[in-house]
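Here is the structure we will look at, set down as structure tokens.
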Amino acid sequence: MQGLNHRQLQAFRAVIISGSMTGAGRILNVSQPAVSRLIQDFEAELKLTLFHRHGSRVTATEEAIKLYRDVERYFSNVQRIRESAAHLRSSEGGQLRIAAMPTLSSGALPEAIRRFKISHPDVDFFVHSDTSMHIVDSLNRDEFDLGFGRVPPERTDIRHLEMPQSEAVCLIPLRHPLAKNCIISVRDLNGEPFVALGTSSLLRLQVESVMQLAGIRVGPTVQTLYSNTVASYVALGLGLAVIDMFSVLGADRSQFVIRPFTPTIHFDFAAIYPRGTSSTLAIAFAQTMREVVSDEISDMAQLMQKEMVAGGHMGKNSQHRL
């Protein structure tokens with residue numbers, strides 16, 4: 001096989017994203033026949049059928065879908081080379097490529113970047129959201145300078161810095177009867193509509209384990225892949241949720257309340273380093289993130305206490321630590 005043609009890769013990527021040869025042509029500023037020819041040559045080079053043709057429409061084959069992730073990684077690496085070259089030319093600032101769980105994208109991570117830029121104003125940030133499993137894999141391939149995710153206890157080979165430990169909280173629609181409680185027990189969830197995380201979520205497995213031990217079954221369920229969307233479903237009255245506190249930080253809290261949850265479910269994550277030597281910027285940013293997480297855990301505990309005081313729900317159990 002000859003070296004892959006960059007233009008063919010561009011055409012393949014554009015067809016996947018747009019869903020048609022014509023749409024890909026608009027993205028690349030070339031004609032539809034030109035895109036078709038590039039795709040045909042690419043298929044011939046790989047000896048694979050990448051698209052099924054249906055008149056003017058195309059459907060990606062299973063092989064194309066599997067190939068697309070590697071093609072995206074290729075373009076990400078090309079962009080990384082360009083950015084590195086730009087910084088070498090300017091000899092300013094530096095850059096940090098960070099992979100993080102989606103739950104951190106609405107509050108903790110933006111705040112850490114804001115603080116970091118006070119002392120490092122010229123640093124450029126590239127942020128990629130992904131699952132913890134994919135983040136660990138990406139760091140092992142040195143695709144990022146730093147990651148923030150949950151590290152499996154058995155993975156003693158992963159270099160990381162533990163973030164301060166927090167506890168899962170319960171989100172309740174504002175007008176739900178349980179909003180009057182100062183603490184939500186797992187038994188309170190029995191038969192209630194529930195907003196659940198995707199099946200690959202470690203926190204979901206922890207919540208289900210607690211429910212199973214208590215013999216609890218929730219009612220109708222809405223399942224969402226990203227934890228930072230859970231609050232939106234709860235706010236619309238679609239169910240209760242047990243979620244990490246970081247998912248709530250950027251949400252509009254006017255239509256739901258936050259309560260401590262029992263039994264305690266710990267939420268742990270870490271700053272994950274690549275296999276090789278970590279940059280001084282990455283190490284410094286991990287420490288900044290640790291400070292932000294500590295502050296936000298304290299802020300959430302104070303917020304829940306204020307909510308309960310305002311609602312007149314302070315009781316002997318209201319001093320539950322987050």
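Following the order of the structure tokens, first chain is A, next is B, and so on, with residues numbered from 1 inside each chain and ligands from 1 in the order they appear.
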
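Neighbouring residues of Val257 (chain A) at 8 Å or closer, counting only C-alpha atoms and skipping chain neighbours under 3 positions away, are A:Leu171, A:Ile172, A:Pro173, A:Leu174, A:Ala179, A:Arg253, A:Ser254, A:Glu307.
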
List the neighbours of region 132-148 of chain A out to 7 Å using only C-alpha atoms; skip same-chain residues closer than 3 positions along the sequence, and give me the result as a JSON list (two decimals) with C-alpha atoms, in the first residue's frame.
[["chain", "number", "residue", "atom", "x", "y", "z"],
["A", 96, "LEU", "CA", -1.80, 22.32, 27.38],
["A", 97, "ARG", "CA", -3.86, 19.59, 25.77],
["A", 98, "ILE", "CA", -6.32, 18.30, 28.35],
["A", 99, "ALA", "CA", -8.74, 15.37, 28.23],
["A", 100, "ALA", "CA", -11.47, 15.53, 30.87],
["A", 101, "MET", "CA", -14.71, 13.87, 31.93],
["A", 269, "PHE", "CA", -11.14, 11.17, 40.22],
["A", 270, "ALA", "CA", -7.57, 12.16, 39.50],
["A", 271, "ALA", "CA", -5.24, 14.17, 37.33],
["A", 272, "ILE", "CA", -3.74, 11.57, 35.01],
["A", 273, "TYR", "CA", -0.29, 12.00, 33.48],
["A", 274, "PRO", "CA", 1.06, 10.48, 30.26],
["A", 275, "ARG", "CA", 3.57, 7.65, 30.39],
["A", 282, "ALA", "CA", 0.82, 20.08, 33.28]]

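Closest approach to Ser294 (chain A) from the set A:Ser227, A:Gln165, A:Ser31, A:Gln8 is made by A:Gln165, with distances taken over only C-alpha atoms.
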
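One distance worth recording is that between CA of Glu162 (chain A) and CA of Ile113 (chain A), which is 18.4 Å.
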
DSSP helix (DSSP H, G or I) residues within region 175-249 of chain A, listed as a ChimeraX atom specification: /A:177-180,186-189,202-214,227-235,245-248

If we count only C-alpha atoms, what is near Tyr74 (chain A) at a cut-off of 12 Å, once residues fewer than 3 positions away on the same chain are taken out, given as a short mmCIF file (atom, residue, chain, number, x, y, z; two decimals) with N, CA, C and O atoms, in the first residue's frame?
data_model
loop_
_atom_site.label_atom_id
_atom_site.label_comp_id
_atom_site.auth_asym_id
_atom_site.auth_seq_id
_atom_site.Cartn_x
_atom_site.Cartn_y
_atom_site.Cartn_z
N LEU A 4 -0.88 7.03 2.47
CA LEU A 4 -2.24 7.54 2.36
C LEU A 4 -2.23 9.00 1.93
O LEU A 4 -1.38 9.79 2.35
N HIS A 6 -3.49 12.71 1.89
CA HIS A 6 -4.14 13.61 2.84
C HIS A 6 -5.48 14.10 2.31
O HIS A 6 -6.46 14.21 3.07
N LEU A 9 -8.15 11.52 2.81
CA LEU A 9 -8.57 11.50 4.21
C LEU A 9 -9.51 12.66 4.51
O LEU A 9 -10.50 12.51 5.24
N GLN A 10 -9.21 13.83 3.96
CA GLN A 10 -10.09 14.98 4.14
C GLN A 10 -11.48 14.71 3.56
O GLN A 10 -12.50 15.03 4.17
N ARG A 13 -13.40 12.14 5.74
CA ARG A 13 -13.88 12.79 6.96
C ARG A 13 -15.07 13.70 6.67
O ARG A 13 -16.06 13.72 7.41
N LEU A 67 -13.12 3.03 11.10
CA LEU A 67 -11.96 3.75 10.60
C LEU A 67 -11.99 5.23 10.98
O LEU A 67 -10.94 5.86 11.15
N TYR A 68 -13.20 5.76 11.13
CA TYR A 68 -13.35 7.21 11.35
C TYR A 68 -12.63 7.68 12.61
O TYR A 68 -12.02 8.75 12.61
N ARG A 69 -12.66 6.90 13.69
CA ARG A 69 -11.99 7.30 14.93
C ARG A 69 -10.49 7.48 14.71
O ARG A 69 -9.89 8.45 15.19
N ASP A 70 -9.88 6.59 13.94
CA ASP A 70 -8.45 6.72 13.66
C ASP A 70 -8.16 7.91 12.76
O ASP A 70 -7.13 8.58 12.91
N VAL A 71 -9.07 8.18 11.83
CA VAL A 71 -8.90 9.34 10.96
C VAL A 71 -8.99 10.64 11.78
O VAL A 71 -8.21 11.57 11.57
N ASN A 77 -3.70 14.94 15.49
CA ASN A 77 -2.24 14.97 15.58
C ASN A 77 -1.64 15.99 14.62
O ASN A 77 -0.65 16.66 14.95
N VAL A 78 -2.25 16.12 13.44
CA VAL A 78 -1.78 17.13 12.49
C VAL A 78 -1.94 18.53 13.09
O VAL A 78 -1.03 19.37 13.02
N GLN A 79 -3.11 18.77 13.70
CA GLN A 79 -3.34 20.06 14.34
C GLN A 79 -2.37 20.29 15.49
O GLN A 79 -1.87 21.42 15.69
N ARG A 80 -2.05 19.23 16.21
CA ARG A 80 -1.11 19.36 17.33
C ARG A 80 0.27 19.75 16.82
O ARG A 80 0.95 20.58 17.44
N ILE A 81 0.70 19.18 15.71
CA ILE A 81 2.00 19.53 15.13
C ILE A 81 2.02 21.00 14.72
O ILE A 81 3.00 21.73 14.96
N GLU A 143 -1.33 11.30 23.74
CA GLU A 143 -2.10 12.20 22.90
C GLU A 143 -2.45 13.50 23.62
O GLU A 143 -2.82 14.49 22.98
#

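The smallest atom-to-atom distance between Thr199 (chain A) and any of A:Asn29, A:Lys180, A:Gly215, A:Thr224, using only C-alpha atoms, is found for A:Thr224.
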
Members of region 53-271 of chain A assigned strand (DSSP E) by DSSP, as an MDAnalysis selection string: chainID A and resid 53:54 57:60 94:100 123:129 146:149 160:162 166:167 169:173 184:185 194:197 221:224 241:243 256:262 266:267 270:271

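The spacing separating CA of Phe125 (chain A) from CA of Phe267 (chain A) amounts to 26.0 Å.
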
8 Å contact set for Ile265 (chain A), only C-alpha atoms, chain neighbours under 6 positions out, as a ChimeraX atom specification: /A:167-168,206-207

Selection: 10 Å around Leu303 (chain A), only C-alpha atoms, excl. self and same-chain fewer than 5 positions, as a PyMOL selection string: chain A and resi 258-259+297-298+308-309

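Minimum atom-to-atom distance to Ser232 (chain A), evaluated using only C-alpha atoms, belongs to A:Val195 out of A:Val35, A:Val195, A:Cys170, A:Ala24.
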